[in-house]
>>> print(open('protein_14.cif').read())   # mmCIF, C-alpha atoms
data_query
#
loop_
_atom_site.label_atom_id
_atom_site.label_comp_id
_atom_site.auth_asym_id
_atom_site.auth_seq_id
_atom_site.Cartn_x
_atom_site.Cartn_y
_atom_site.Cartn_z
CA MET A 1 140.92 111.64 97.63
CA THR A 2 141.50 112.15 101.35
CA PRO A 3 142.29 108.80 103.00
CA VAL A 4 139.64 107.43 105.34
CA THR A 5 141.38 107.30 108.69
CA THR A 6 139.74 106.07 111.87
CA GLU A 7 139.41 109.69 112.99
CA ARG A 8 137.69 110.71 109.77
CA ALA A 9 135.35 107.74 109.82
CA GLU A 10 134.50 108.47 113.45
CA GLY A 11 133.74 112.07 112.57
CA VAL A 12 131.25 111.11 109.88
CA VAL A 13 129.62 108.23 111.77
CA PHE A 14 129.41 110.10 115.08
CA GLN A 15 127.88 113.19 113.45
CA ALA A 16 125.33 111.10 111.59
CA LEU A 17 124.27 109.48 114.85
CA ILE A 18 124.27 112.75 116.80
CA ASP A 19 121.72 114.06 114.31
CA LEU A 20 119.52 111.03 115.02
CA VAL A 21 119.55 110.61 118.80
CA GLU A 22 118.15 112.70 121.60
CA ASP A 23 121.21 112.54 123.88
CA GLU A 24 124.35 113.13 121.87
CA SER A 25 126.58 112.42 124.89
CA LEU A 26 125.71 108.77 124.42
CA VAL A 27 127.40 108.65 121.01
CA ARG A 28 130.64 106.89 121.91
CA SER A 29 132.47 103.96 120.37
CA GLU A 30 131.34 101.47 122.99
CA THR A 31 127.66 102.47 122.95
CA THR A 32 125.30 99.87 121.54
CA PHE A 33 122.52 100.66 119.07
CA GLU A 34 120.05 99.45 121.67
CA GLU A 35 121.35 102.01 124.16
CA LEU A 36 121.10 104.72 121.52
CA LYS A 37 117.56 103.52 120.68
CA ILE A 38 118.29 103.50 116.97
CA ASP A 39 116.78 100.95 114.64
CA SER A 40 117.44 99.50 111.20
CA LEU A 41 116.08 102.58 109.36
CA ASP A 42 118.46 104.80 111.31
CA LEU A 43 121.31 102.52 110.25
CA VAL A 44 120.24 102.84 106.61
CA GLU A 45 120.51 106.60 107.02
CA VAL A 46 124.00 106.26 108.52
CA GLN A 47 124.92 103.94 105.65
CA GLN A 48 123.82 106.56 103.10
CA ILE A 49 125.68 109.38 104.81
CA VAL A 50 128.86 107.27 104.91
CA GLU A 51 128.52 106.64 101.19
CA GLU A 52 127.89 110.30 100.38
CA GLU A 53 130.61 111.72 102.63
CA LEU A 54 133.31 109.06 102.32
CA GLY A 55 132.44 107.28 99.09
CA ILE A 56 132.33 103.94 100.89
CA ARG A 57 129.43 101.67 100.08
CA LEU A 58 128.09 99.48 102.87
CA LEU A 59 125.46 96.83 102.30
CA ARG A 60 122.38 96.30 104.44
CA GLU A 61 123.65 92.81 105.15
CA ASP A 62 126.88 94.29 106.50
CA LEU A 63 124.98 96.22 109.12
CA LYS A 64 122.93 93.35 110.49
CA GLU A 65 125.79 91.89 112.51
CA LEU A 66 126.90 95.18 114.06
CA ARG A 67 126.15 96.06 117.68
CA THR A 68 128.04 99.21 118.59
CA VAL A 69 129.03 102.59 117.16
CA GLY A 70 132.63 101.39 117.10
CA ASP A 71 131.61 98.40 114.99
CA VAL A 72 130.37 100.80 112.29
CA VAL A 73 133.60 102.78 112.35
CA THR A 74 135.68 99.61 112.13
CA LEU A 75 133.61 98.39 109.17
CA VAL A 76 133.98 101.71 107.36
CA VAL A 77 137.73 101.83 107.84
CA GLY A 78 138.00 98.20 106.75
CA ARG A 79 136.17 98.96 103.51
CA ALA A 80 138.23 102.09 102.74
CA MET B 81 115.72 137.02 83.72
CA SER B 82 118.95 135.37 84.76
CA SER B 83 120.86 133.04 82.50
CA GLU B 84 120.31 130.27 85.07
CA ILE B 85 116.58 130.46 84.49
CA ASP B 86 116.96 130.73 80.72
CA GLU B 87 119.10 127.66 80.56
CA PRO B 88 118.51 125.40 83.55
CA PRO B 89 121.01 122.60 84.06
CA GLY B 90 120.41 118.95 83.47
CA GLY B 91 118.77 119.12 80.08
CA VAL B 92 115.45 120.29 81.49
CA ALA B 93 113.33 122.02 78.88
CA ARG B 94 113.04 125.78 79.09
CA PHE B 95 109.93 127.06 80.74
CA GLY B 96 107.78 130.15 80.52
CA ARG B 97 108.83 131.01 76.97
CA LEU B 98 105.30 131.55 75.70
CA ARG B 99 103.50 132.66 78.83
CA GLY B 100 103.66 131.99 82.53
CA ALA B 101 101.81 129.45 84.64
CA ALA B 102 100.91 129.72 88.29
CA VAL B 103 98.91 127.96 90.98
CA ARG B 104 95.80 129.87 91.92
CA GLY B 105 93.38 127.53 93.69
CA LEU B 106 93.99 124.87 96.34
CA GLY B 107 91.63 122.48 98.07
CA SER B 108 91.43 119.13 99.79
CA ALA B 109 88.91 116.61 101.02
CA LEU B 110 89.26 114.03 103.75
CA PRO B 111 86.80 111.27 104.57
CA GLU B 112 84.95 111.19 107.84
CA THR B 113 86.19 107.96 109.37
CA THR B 114 89.38 107.90 111.41
CA VAL B 115 91.11 104.57 112.02
CA ASP B 116 93.71 104.53 114.78
CA ASN B 117 96.60 102.15 115.27
CA ALA B 118 94.66 99.88 117.60
CA ALA B 119 92.91 98.52 114.53
CA PHE B 120 96.14 96.75 113.54
CA ALA B 121 96.88 95.06 116.85
CA HIS B 122 95.65 91.78 115.41
CA LEU B 123 98.63 91.88 113.02
CA GLY B 124 101.01 92.09 115.96
CA LEU B 125 101.70 95.78 115.26
CA ASP B 126 101.37 97.93 118.35
CA ASP B 127 100.79 101.67 118.50
CA ALA B 128 104.24 102.57 119.83
CA TRP B 129 106.03 100.58 117.12
CA LEU B 130 103.87 102.05 114.35
CA ARG B 131 104.38 105.62 115.56
CA SER B 132 108.12 105.07 115.83
CA ARG B 133 108.49 103.29 112.51
CA THR B 134 106.06 105.32 110.36
CA GLY B 135 105.10 108.47 112.25
CA ILE B 136 101.45 107.46 111.81
CA ALA B 137 98.96 107.47 114.68
CA SER B 138 95.78 107.34 112.60
CA ARG B 139 94.56 107.58 109.06
CA ARG B 140 91.33 108.44 107.28
CA ARG B 141 89.38 105.75 105.50
CA CYS B 142 86.51 106.07 103.07
CA ASP B 143 83.05 104.80 103.89
CA ALA B 144 80.95 103.04 101.29
CA GLN B 145 79.68 106.25 99.69
CA ASP B 146 83.15 107.75 99.24
CA GLY B 147 85.93 106.98 96.82
CA VAL B 148 88.40 108.59 94.43
CA VAL B 149 85.68 110.31 92.40
CA ALA B 150 83.72 111.63 95.38
CA LEU B 151 86.76 112.90 97.24
CA GLY B 152 88.39 114.21 94.07
CA THR B 153 85.25 116.14 93.21
CA LEU B 154 85.11 117.72 96.66
CA ALA B 155 88.78 118.68 96.51
CA GLY B 156 88.43 120.00 92.97
CA ALA B 157 85.37 122.05 93.89
CA ALA B 158 87.26 123.50 96.85
CA ALA B 159 90.18 124.49 94.61
CA LEU B 160 87.86 126.18 92.12
CA THR B 161 86.04 128.07 94.88
CA ASP B 162 89.39 129.14 96.28
CA ALA B 163 90.48 130.41 92.87
CA GLY B 164 87.19 132.10 92.08
CA VAL B 165 87.01 130.17 88.82
CA SER B 166 83.81 128.45 87.71
CA ALA B 167 83.78 124.82 86.60
CA SER B 168 82.68 125.89 83.12
CA GLU B 169 86.00 127.75 82.72
CA VAL B 170 88.09 124.63 83.31
CA ASP B 171 89.77 123.32 80.15
CA VAL B 172 91.37 120.15 81.49
CA VAL B 173 90.80 117.92 84.52
CA VAL B 174 93.65 115.61 85.46
CA VAL B 175 93.22 112.99 88.19
CA ALA B 176 96.36 111.34 89.51
CA SER B 177 95.57 108.12 91.36
CA ILE B 178 96.61 104.49 91.79
CA SER B 179 93.31 103.43 93.34
CA THR B 180 90.49 104.29 90.95
CA ARG B 181 87.64 101.81 90.86
CA THR B 182 87.62 101.70 87.08
CA ALA B 183 90.20 102.32 84.39
CA VAL B 184 87.32 103.16 82.06
CA PRO B 185 85.49 105.41 82.57
CA PRO B 186 88.44 107.41 83.82
CA ALA B 187 87.95 109.07 87.20
CA SER B 188 88.89 112.40 85.64
CA ALA B 189 85.85 112.35 83.33
CA LEU B 190 83.57 111.51 86.25
CA VAL B 191 85.09 114.29 88.36
CA ALA B 192 84.76 116.78 85.49
CA HIS B 193 81.12 115.81 85.07
CA ALA B 194 80.39 116.02 88.78
CA LEU B 195 81.99 119.45 88.95
CA GLY B 196 80.00 120.73 85.99
CA ALA B 197 83.09 121.04 83.81
CA GLY B 198 81.36 119.13 81.06
CA ASP B 199 83.41 120.51 78.18
CA ALA B 200 86.76 119.91 79.80
CA THR B 201 89.27 117.40 78.51
CA ALA B 202 89.84 114.72 81.11
CA CYS B 203 92.68 112.27 81.65
CA ASP B 204 93.90 110.00 84.44
CA LEU B 205 97.53 109.70 85.43
CA VAL B 206 98.93 106.60 87.10
CA GLY B 207 102.20 107.95 88.35
CA SER B 208 102.61 106.08 91.61
CA CYS B 209 103.25 108.40 94.55
CA CYS B 210 104.75 110.89 92.08
CA GLY B 211 101.51 111.17 90.06
CA PHE B 212 100.51 114.57 91.38
CA LEU B 213 103.83 116.08 90.27
CA SER B 214 103.37 114.51 86.84
CA GLY B 215 99.96 116.17 86.72
CA VAL B 216 101.47 119.54 87.63
CA ALA B 217 104.05 119.08 84.86
CA PHE B 218 101.30 118.28 82.34
CA ALA B 219 99.16 121.21 83.49
CA THR B 220 102.04 123.66 83.44
CA GLY B 221 103.00 122.67 79.91
CA MET B 222 99.42 123.00 78.71
CA VAL B 223 99.07 126.46 80.21
CA GLU B 224 102.49 127.76 79.22
CA SER B 225 102.02 126.64 75.64
CA GLY B 226 98.66 128.35 75.46
CA ARG B 227 96.77 125.12 74.86
CA ALA B 228 94.72 125.59 78.03
CA ASP B 229 93.93 128.45 80.39
CA ASN B 230 92.74 126.57 83.47
CA VAL B 231 93.89 123.05 84.33
CA LEU B 232 92.60 121.33 87.46
CA VAL B 233 95.07 118.81 88.88
CA VAL B 234 93.56 116.41 91.40
CA GLY B 235 95.40 113.81 93.44
CA ALA B 236 92.88 111.39 94.94
CA GLU B 237 93.23 108.00 96.59
CA GLN B 238 91.18 105.31 98.21
CA LEU B 239 94.06 103.10 99.21
CA SER B 240 91.87 101.31 101.74
CA ARG B 241 90.57 99.36 98.73
CA MET B 242 93.89 97.55 98.52
CA HIS B 243 94.63 94.11 99.87
CA HIS B 244 97.92 93.77 101.61
CA ALA B 245 100.38 91.05 100.84
CA ALA B 246 101.78 89.00 103.71
CA PRO B 247 103.25 89.82 106.20
CA GLU B 248 100.81 92.76 106.03
CA GLN B 249 103.14 95.20 107.75
CA THR B 250 102.20 97.74 105.10
CA ALA B 251 98.49 97.56 106.02
CA PRO B 252 98.62 100.45 108.53
CA LEU B 253 100.35 102.85 106.12
CA PRO B 254 97.67 103.87 103.61
CA GLY B 255 95.15 106.61 104.11
CA ASP B 256 92.39 107.95 101.89
CA GLY B 257 91.95 111.54 100.78
CA ALA B 258 92.20 114.02 97.94
CA GLY B 259 93.78 117.36 97.13
CA ALA B 260 93.69 119.63 94.11
CA VAL B 261 95.28 122.71 92.62
CA LEU B 262 94.17 124.88 89.73
CA VAL B 263 96.99 125.86 87.37
CA VAL B 264 96.26 129.10 85.51
CA ALA B 265 98.02 131.49 83.13
CA ASP B 266 100.21 134.21 84.65
CA THR B 267 100.81 137.27 82.54
CA GLU B 268 104.21 138.09 84.07
CA ARG B 269 106.21 134.85 84.26
CA SER B 270 105.97 131.23 85.31
CA ARG B 271 105.72 130.76 89.04
CA ILE B 272 106.00 127.00 88.58
CA GLY B 273 109.56 125.95 87.79
CA PRO B 274 110.61 123.06 85.59
CA VAL B 275 109.19 119.84 87.01
CA VAL B 276 112.16 117.53 87.33
CA LEU B 277 110.82 114.02 86.79
CA ARG B 278 112.87 110.84 86.71
CA SER B 279 112.21 107.11 86.42
CA ASP B 280 114.15 103.87 86.73
CA GLY B 281 112.13 100.85 85.73
CA GLY B 282 115.22 98.72 86.23
CA GLY B 283 115.62 99.77 89.83
CA PRO B 284 114.53 97.79 92.87
CA GLN B 285 110.78 97.20 92.88
CA VAL B 286 110.27 98.43 96.41
CA MET B 287 106.52 98.77 96.01
CA ARG B 288 103.96 97.05 93.80
CA VAL B 289 100.24 97.36 93.20
CA THR B 290 98.86 94.56 91.07
CA SER B 291 95.80 94.64 88.82
CA ASP B 292 93.86 92.73 91.46
CA ARG B 293 94.64 95.48 93.96
CA GLU B 294 97.25 93.71 96.04
CA LEU B 295 99.69 96.19 97.53
CA SER B 296 103.12 95.15 98.72
CA MET B 297 106.02 97.24 99.90
CA ASP B 298 109.48 96.67 101.36
CA GLY B 299 109.63 99.44 103.93
CA ALA B 300 113.38 99.41 104.55
CA ALA B 301 114.18 99.24 100.82
CA THR B 302 111.74 102.07 100.15
CA PHE B 303 113.44 104.17 102.80
CA ALA B 304 116.85 103.42 101.29
CA GLU B 305 115.75 104.42 97.79
CA ALA B 306 113.44 107.29 98.71
CA VAL B 307 115.71 109.39 100.89
CA PRO B 308 118.56 110.03 98.43
CA ARG B 309 116.33 110.26 95.34
CA ARG B 310 113.93 112.73 96.92
CA SER B 311 116.81 114.75 98.27
CA ASP B 312 118.40 114.88 94.82
CA ALA B 313 115.05 115.78 93.22
CA ALA B 314 114.53 118.67 95.61
CA ARG B 315 118.01 120.03 94.92
CA ALA B 316 117.56 119.59 91.17
CA ALA B 317 114.17 121.27 91.20
CA ALA B 318 115.58 124.29 92.99
CA ALA B 319 118.56 124.45 90.62
CA ALA B 320 116.32 124.11 87.56
CA ALA B 321 114.35 127.11 88.76
CA GLY B 322 117.55 129.10 89.19
CA THR B 323 117.68 129.02 92.97
CA VAL B 324 119.07 127.00 95.88
CA LEU B 325 117.40 125.25 98.79
CA ASP B 326 118.76 127.79 101.27
CA ASP B 327 116.45 130.31 99.63
CA VAL B 328 113.41 128.04 99.80
CA ASP B 329 110.87 128.77 102.54
CA LEU B 330 109.01 125.47 102.69
CA LEU B 331 109.69 121.84 101.75
CA VAL B 332 106.60 119.74 101.04
CA LEU B 333 107.33 116.08 100.43
CA HIS B 334 105.01 113.27 99.49
CA GLN B 335 104.04 111.97 102.93
CA ALA B 336 105.21 108.37 102.63
CA SER B 337 106.36 107.95 106.21
CA GLY B 338 107.46 110.31 108.92
CA ARG B 339 110.87 108.67 108.97
CA ILE B 340 111.49 109.43 105.30
CA THR B 341 110.26 113.02 105.66
CA GLN B 342 112.50 113.68 108.64
CA ALA B 343 115.51 111.98 107.02
CA VAL B 344 115.16 114.08 103.86
CA GLY B 345 114.69 117.17 106.01
CA ARG B 346 117.94 116.43 107.86
CA ARG B 347 119.73 115.80 104.58
CA LEU B 348 118.56 119.09 103.06
CA GLY B 349 118.65 121.30 106.16
CA PHE B 350 114.88 121.65 106.62
CA ALA B 351 113.27 121.27 110.03
CA GLY B 352 110.49 122.74 112.15
CA ASP B 353 108.19 125.14 110.33
CA ARG B 354 110.15 124.83 107.04
CA LEU B 355 109.34 121.13 106.73
CA VAL B 356 105.76 119.93 106.32
CA ASP B 357 105.29 116.66 108.19
CA CYS B 358 101.59 115.89 108.46
CA ILE B 359 101.42 112.12 108.15
CA GLU B 360 100.56 111.54 111.82
CA THR B 361 96.78 111.77 111.36
CA LEU B 362 96.55 111.09 107.62
CA GLY B 363 98.69 108.10 106.72
CA ASN B 364 100.22 107.75 103.26
CA THR B 365 97.74 109.08 100.70
CA SER B 366 100.04 108.57 97.69
CA SER B 367 99.07 110.94 94.85
CA ALA B 368 96.93 113.02 97.19
CA SER B 369 99.47 113.70 99.89
CA ILE B 370 101.24 116.73 98.43
CA PRO B 371 98.15 118.88 97.74
CA ILE B 372 96.67 117.87 101.11
CA ALA B 373 99.94 118.84 102.80
CA LEU B 374 99.93 122.17 100.95
CA ASP B 375 96.41 122.85 102.16
CA LEU B 376 97.32 122.06 105.76
CA ALA B 377 100.42 124.26 105.51
CA ARG B 378 98.26 127.11 104.26
CA ALA B 379 95.75 126.55 107.06
CA ASP B 380 98.47 126.92 109.68
CA GLY B 381 99.93 130.02 108.03
CA ARG B 382 103.09 128.56 106.53
CA LEU B 383 101.98 128.87 102.89
CA ARG B 384 101.20 132.40 101.83
CA PRO B 385 101.41 134.40 98.61
CA GLY B 386 105.11 134.71 97.77
CA THR B 387 106.18 131.62 99.73
CA ARG B 388 108.88 129.74 97.85
CA VAL B 389 108.12 126.06 98.17
CA VAL B 390 109.75 122.92 96.81
CA LEU B 391 107.61 119.85 96.28
CA ALA B 392 109.26 116.43 95.96
CA ALA B 393 108.00 112.87 95.68
CA PHE B 394 109.22 109.32 95.22
CA GLY B 395 107.20 106.24 94.41
CA GLY B 396 107.35 102.68 93.23
CA GLY B 397 108.40 102.22 89.67
CA LEU B 398 110.76 103.78 90.44
CA VAL B 399 109.53 107.30 89.71
CA TRP B 400 110.53 110.46 91.51
CA GLY B 401 110.73 114.19 91.00
CA GLY B 402 110.43 117.70 92.32
CA VAL B 403 109.39 121.23 91.44
CA HIS B 404 109.96 124.73 92.79
CA VAL B 405 106.80 126.84 93.09
CA GLU B 406 106.40 130.47 94.03
CA TRP B 407 103.04 130.40 95.72
CA THR B 408 100.47 132.62 94.08
CA GLY B 409 97.33 131.20 95.65
CA THR B 410 95.36 132.77 98.43
CA ASP B 411 96.28 132.66 102.10
CA ARG B 412 92.73 132.44 103.32
CA PRO B 413 91.38 129.23 104.82
CA GLY B 414 90.12 127.27 101.88
CA ALA B 415 86.80 125.73 101.07
CA SER B 416 88.28 122.32 101.78
CA GLN B 417 86.18 119.57 103.20
CA ASP B 418 87.31 117.66 106.23
CA ARG B 419 84.35 115.44 106.88
CA SER B 420 85.48 114.27 110.29
CA PRO B 421 83.17 115.57 113.02
CA ARG B 422 86.27 116.52 114.99
CA HIS B 423 87.85 118.51 112.19
CA ARG B 424 85.04 120.16 110.29
CA ARG B 425 86.22 123.15 108.27
CA THR B 426 83.66 122.77 105.57
CA ALA B 427 82.41 125.46 103.26
CA ALA B 428 78.80 126.43 103.73
#
>>> encode(input="protein_14.cif", output="structure tokens")
Amino acid sequence: MTPVTTERAEGVVFQALIDLVEDESLVRSETTFEELKIDSLDLVEVQQIVEEELGIRLLREDLKELRTVGDVVTLVVGRA
Amino acid sequence: MSSEIDEPPGGVARFGRLRGAAVRGLGSALPETTVDNAAFAHLGLDDAWLRSRTGIASRRRCDAQDGVVALGTLAGAAALTDAGVSASEVDVVVVASISTRTAVPPASALVAHALGAGDATACDLVGSCCGFLSGVAFATGMVESGRADNVLVVGAEQLSRMHHAAPEQTAPLPGDGAGAVLVVADTERSRIGPVVLRSDGGGPQVMRVTSDRELSMDGAATFAEAVPRRSDAARAAAAAAGTVLDDVDLLVLHQASGRITQAVGRRLGFAGDRLVDCIETLGNTSSASIPIALDLARADGRLRPGTRVVLAAFGGGLVWGGVHVEWTGTDRPGASQDRSPRHRRTAA
């Protein structure tokens, strides 16, 4: 299985968010979920896409403490 | 016939071996009263939040004289008129519902009587939000096996009868309504593919309706379970019918919430005119939502003879499923009954 590098995790997470938000230029590591106007259901969708594409299972509880796009990437890489 | 159709994957039974089945008639019925989101302000749920979270701006609710039987009868009558089949020719009436007023007599017998299909067999199906697909599976099997020629499948709900468990955030979701299709024999081949139905009684109980009509639902958990299972069901239904989703014209999902519909659409590559998303003015009508959505898609020209459509649903239980249908019904505006003064398209 291809290792989950930061670049690969970013690719999956960023694309999942780009599909969800109106302004894809906002999808950067430092952007907060509030700035992206995404909510908990959007994060569930990102969680599912991460599991399908990378085989990494995140829990809903894991996501509650996250604030930024970069936080998701860091969590994914940490669980790889 | 290709080998893929002869031997569909996943252990699904072969279909169309004796004779074909097809959908001929389609109809729906919606109650007159519209309830908008302002009605839920007292629960601390504002319009903007509800639209964002559910995609719902308003829903229909039955008045005292309406209910599953009344709406189901109107929808069934519309489907029969659409098909040009008289009630006396109907062999079986199936009513899928989770909100009938009585378990006995079954709503299906009352609908059959009201339609004038007095000799028809009647049975109710409690299949959660997947009940309509279970009814289509039952009807298709009856017709293909030659045990029935005309089977009327009705999905009808009066979910406004339910009480909502605290914190009552689910209260704005339900709507009332009914839809129906007539499944008939097709001399060439089955136009209704294998109905892929699954259940997992050991899965998370994301939704519950108790015998005293209390409805509770965990919205986020439902979203988490519904999106992948519906997506898988849609893919499996296409594969079981020997095709792929890229070759499907229209995706019609049980309208549980706009967020789920759009998420499944993104997952499967359906958007715009290929994805039916009609929850905004209807709410979640459980067993009724798929035939109502089909009727609306036909009314706006997206469902025509030859259209290849995949239907998929997920509900508490857990139960979920899908089916590929080559549309063989009419493309004319139906005899459906929208009783709202603003939306009358009622047969004379």
>>> interface_residues(input="protein_14.cif", of="chain A", to="chain B", cutoff="8 Å", atoms="all atoms listed in the file", output="list of chain:residue names")
A:Asp19, A:Ser40, A:Leu41, A:Val44, A:Glu45, A:Gln48
>>> resolve_selection(input="protein_14.cif", expression="the PyMOL selection byres ((chain A and resi 71) around 12)", output="ChimeraX atom specification")
/A:6,9-10,13-14,28-33,62-70,72-78
>>> resolve_selection(input="protein_14.cif", expression="the PyMOL selection byres ((chain A and resi 55) around 12)", output="list in words")
Met1, Thr2, Pro3, Val4, Ala9, Val12, Gln47, Gln48, Ile49, Val50, Glu51, Glu52, Glu53, Leu54, Ile56, Arg57, Leu58, Val76, Val77, Arg79 and Ala80 of chain A
>>> write_last_selection(input="protein_14.cif", atoms="C-alpha atoms", output="PDB file, in the frame of the given file")
ATOM      1  CA  MET A   1     140.920 111.640  97.630  1.00  0.00           C
ATOM      2  CA  THR A   2     141.500 112.150 101.350  1.00  0.00           C
ATOM      3  CA  PRO A   3     142.290 108.800 103.000  1.00  0.00           C
ATOM      4  CA  VAL A   4     139.640 107.430 105.340  1.00  0.00           C
ATOM      5  CA  ALA A   9     135.350 107.740 109.820  1.00  0.00           C
ATOM      6  CA  VAL A  12     131.250 111.110 109.880  1.00  0.00           C
ATOM      7  CA  GLN A  47     124.920 103.940 105.650  1.00  0.00           C
ATOM      8  CA  GLN A  48     123.820 106.560 103.100  1.00  0.00           C
ATOM      9  CA  ILE A  49     125.680 109.380 104.810  1.00  0.00           C
ATOM     10  CA  VAL A  50     128.860 107.270 104.910  1.00  0.00           C
ATOM     11  CA  GLU A  51     128.520 106.640 101.190  1.00  0.00           C
ATOM     12  CA  GLU A  52     127.890 110.300 100.380  1.00  0.00           C
ATOM     13  CA  GLU A  53     130.610 111.720 102.630  1.00  0.00           C
ATOM     14  CA  LEU A  54     133.310 109.060 102.320  1.00  0.00           C
ATOM     15  CA  ILE A  56     132.330 103.940 100.890  1.00  0.00           C
ATOM     16  CA  ARG A  57     129.430 101.670 100.080  1.00  0.00           C
ATOM     17  CA  LEU A  58     128.090  99.480 102.870  1.00  0.00           C
ATOM     18  CA  VAL A  76     133.980 101.710 107.360  1.00  0.00           C
ATOM     19  CA  VAL A  77     137.730 101.830 107.840  1.00  0.00           C
ATOM     20  CA  ARG A  79     136.170  98.960 103.510  1.00  0.00           C
ATOM     21  CA  ALA A  80     138.230 102.090 102.740  1.00  0.00           C
TER      22      ALA A  80
END
>>> atom_distance(input="protein_14.cif", atom1="CA of Ser240 in chain B", atom2="CA of Ala313 in chain B")
28.6 Å
>>> atom_distance(input="protein_14.cif", atom1="CA of Arg310 in chain B", atom2="CA of Asp42 in chain A")
17.0 Å
>>> resolve_selection(input="protein_14.cif", expression="the PyMOL selection byres ((chain B and resi 120) around 12)", output="MDAnalysis selection string")
chainID B and resid 115:119 121:130 137:139 248:253
>>> residues_around(input="protein_14.cif", residues="Ser296 in chain B", least_positions_apart="5", cutoff="8 Å", atoms="only C-alpha atoms", output="PDB file with C-alpha atoms, in the frame of the given file")
ATOM      1  CA  HIS B 244      97.920  93.770 101.610  1.00  0.00           C
ATOM      2  CA  ALA B 245     100.380  91.050 100.840  1.00  0.00           C
ATOM      3  CA  THR B 250     102.200  97.740 105.100  1.00  0.00           C
ATOM      4  CA  MET B 287     106.520  98.770  96.010  1.00  0.00           C
ATOM      5  CA  ARG B 288     103.960  97.050  93.800  1.00  0.00           C
ATOM      6  CA  VAL B 289     100.240  97.360  93.200  1.00  0.00           C
TER       7      VAL B 289
END
>>> closest_residue(input="protein_14.cif", among="B:Val231, B:Asp380, B:Phe212, B:His243", to="Gly401 in chain B", atoms="all atoms listed in the file")
B:Phe212
>>> closest_residue(input="protein_14.cif", among="B:Gln238, B:Ser367, B:Thr180, B:Ser279", to="Leu110 in chain B", atoms="all atoms listed in the file")
B:Gln238
>>> closest_residue(input="protein_14.cif", among="B:Val170, B:Leu348, B:Ala200, B:Leu106", to="Asp326 in chain B", atoms="all atoms listed in the file")
B:Leu348
>>> atom_distance(input="protein_14.cif", atom1="CA of Ile38 in chain A", atom2="CA of Ile18 in chain A")
11.0 Å
>>> build_atoms(input="protein_14.cif", residues="range 172-185 of chain B", atoms="N, CA and C atoms", output="mmCIF file, in the frame of the given file")
data_model
loop_
_atom_site.group_PDB
_atom_site.id
_atom_site.type_symbol
_atom_site.label_atom_id
_atom_site.label_comp_id
_atom_site.auth_asym_id
_atom_site.auth_seq_id
_atom_site.Cartn_x
_atom_site.Cartn_y
_atom_site.Cartn_z
ATOM 1 N N VAL B 172 90.856 121.509 81.326
ATOM 2 C CA VAL B 172 91.370 120.150 81.490
ATOM 3 C C VAL B 172 91.241 119.739 82.954
ATOM 4 N N VAL B 173 90.797 118.515 83.177
ATOM 5 C CA VAL B 173 90.800 117.920 84.520
ATOM 6 C C VAL B 173 91.723 116.708 84.486
ATOM 7 N N VAL B 174 92.724 116.735 85.337
ATOM 8 C CA VAL B 174 93.650 115.610 85.460
ATOM 9 C C VAL B 174 93.437 114.989 86.842
ATOM 10 N N VAL B 175 93.288 113.679 86.892
ATOM 11 C CA VAL B 175 93.220 112.990 88.190
ATOM 12 C C VAL B 175 94.402 112.022 88.265
ATOM 13 N N ALA B 176 95.256 112.253 89.228
ATOM 14 C CA ALA B 176 96.360 111.340 89.510
ATOM 15 C C ALA B 176 95.931 110.391 90.609
ATOM 16 N N SER B 177 96.033 109.097 90.361
ATOM 17 C CA SER B 177 95.570 108.120 91.360
ATOM 18 C C SER B 177 96.107 106.743 90.999
ATOM 19 N N ILE B 178 96.298 105.911 92.028
ATOM 20 C CA ILE B 178 96.610 104.490 91.790
ATOM 21 C C ILE B 178 95.490 103.610 92.313
ATOM 22 N N SER B 179 94.351 104.228 92.676
ATOM 23 C CA SER B 179 93.310 103.430 93.340
ATOM 24 C C SER B 179 91.911 103.703 92.794
ATOM 25 N N THR B 180 91.821 104.080 91.526
ATOM 26 C CA THR B 180 90.490 104.290 90.950
ATOM 27 C C THR B 180 89.742 102.965 90.846
ATOM 28 N N ARG B 181 88.426 103.039 90.935
ATOM 29 C CA ARG B 181 87.640 101.810 90.860
ATOM 30 C C ARG B 181 87.593 101.254 89.445
ATOM 31 N N THR B 182 87.658 102.136 88.471
ATOM 32 C CA THR B 182 87.620 101.700 87.080
ATOM 33 C C THR B 182 88.743 102.385 86.303
ATOM 34 N N ALA B 183 89.282 101.666 85.327
ATOM 35 C CA ALA B 183 90.200 102.320 84.390
ATOM 36 C C ALA B 183 89.385 103.100 83.365
ATOM 37 N N VAL B 184 88.256 102.516 82.969
ATOM 38 C CA VAL B 184 87.320 103.160 82.060
ATOM 39 C C VAL B 184 85.923 102.972 82.628
ATOM 40 N N PRO B 185 85.146 104.014 82.855
ATOM 41 C CA PRO B 185 85.490 105.410 82.570
ATOM 42 C C PRO B 185 86.579 105.938 83.498
#
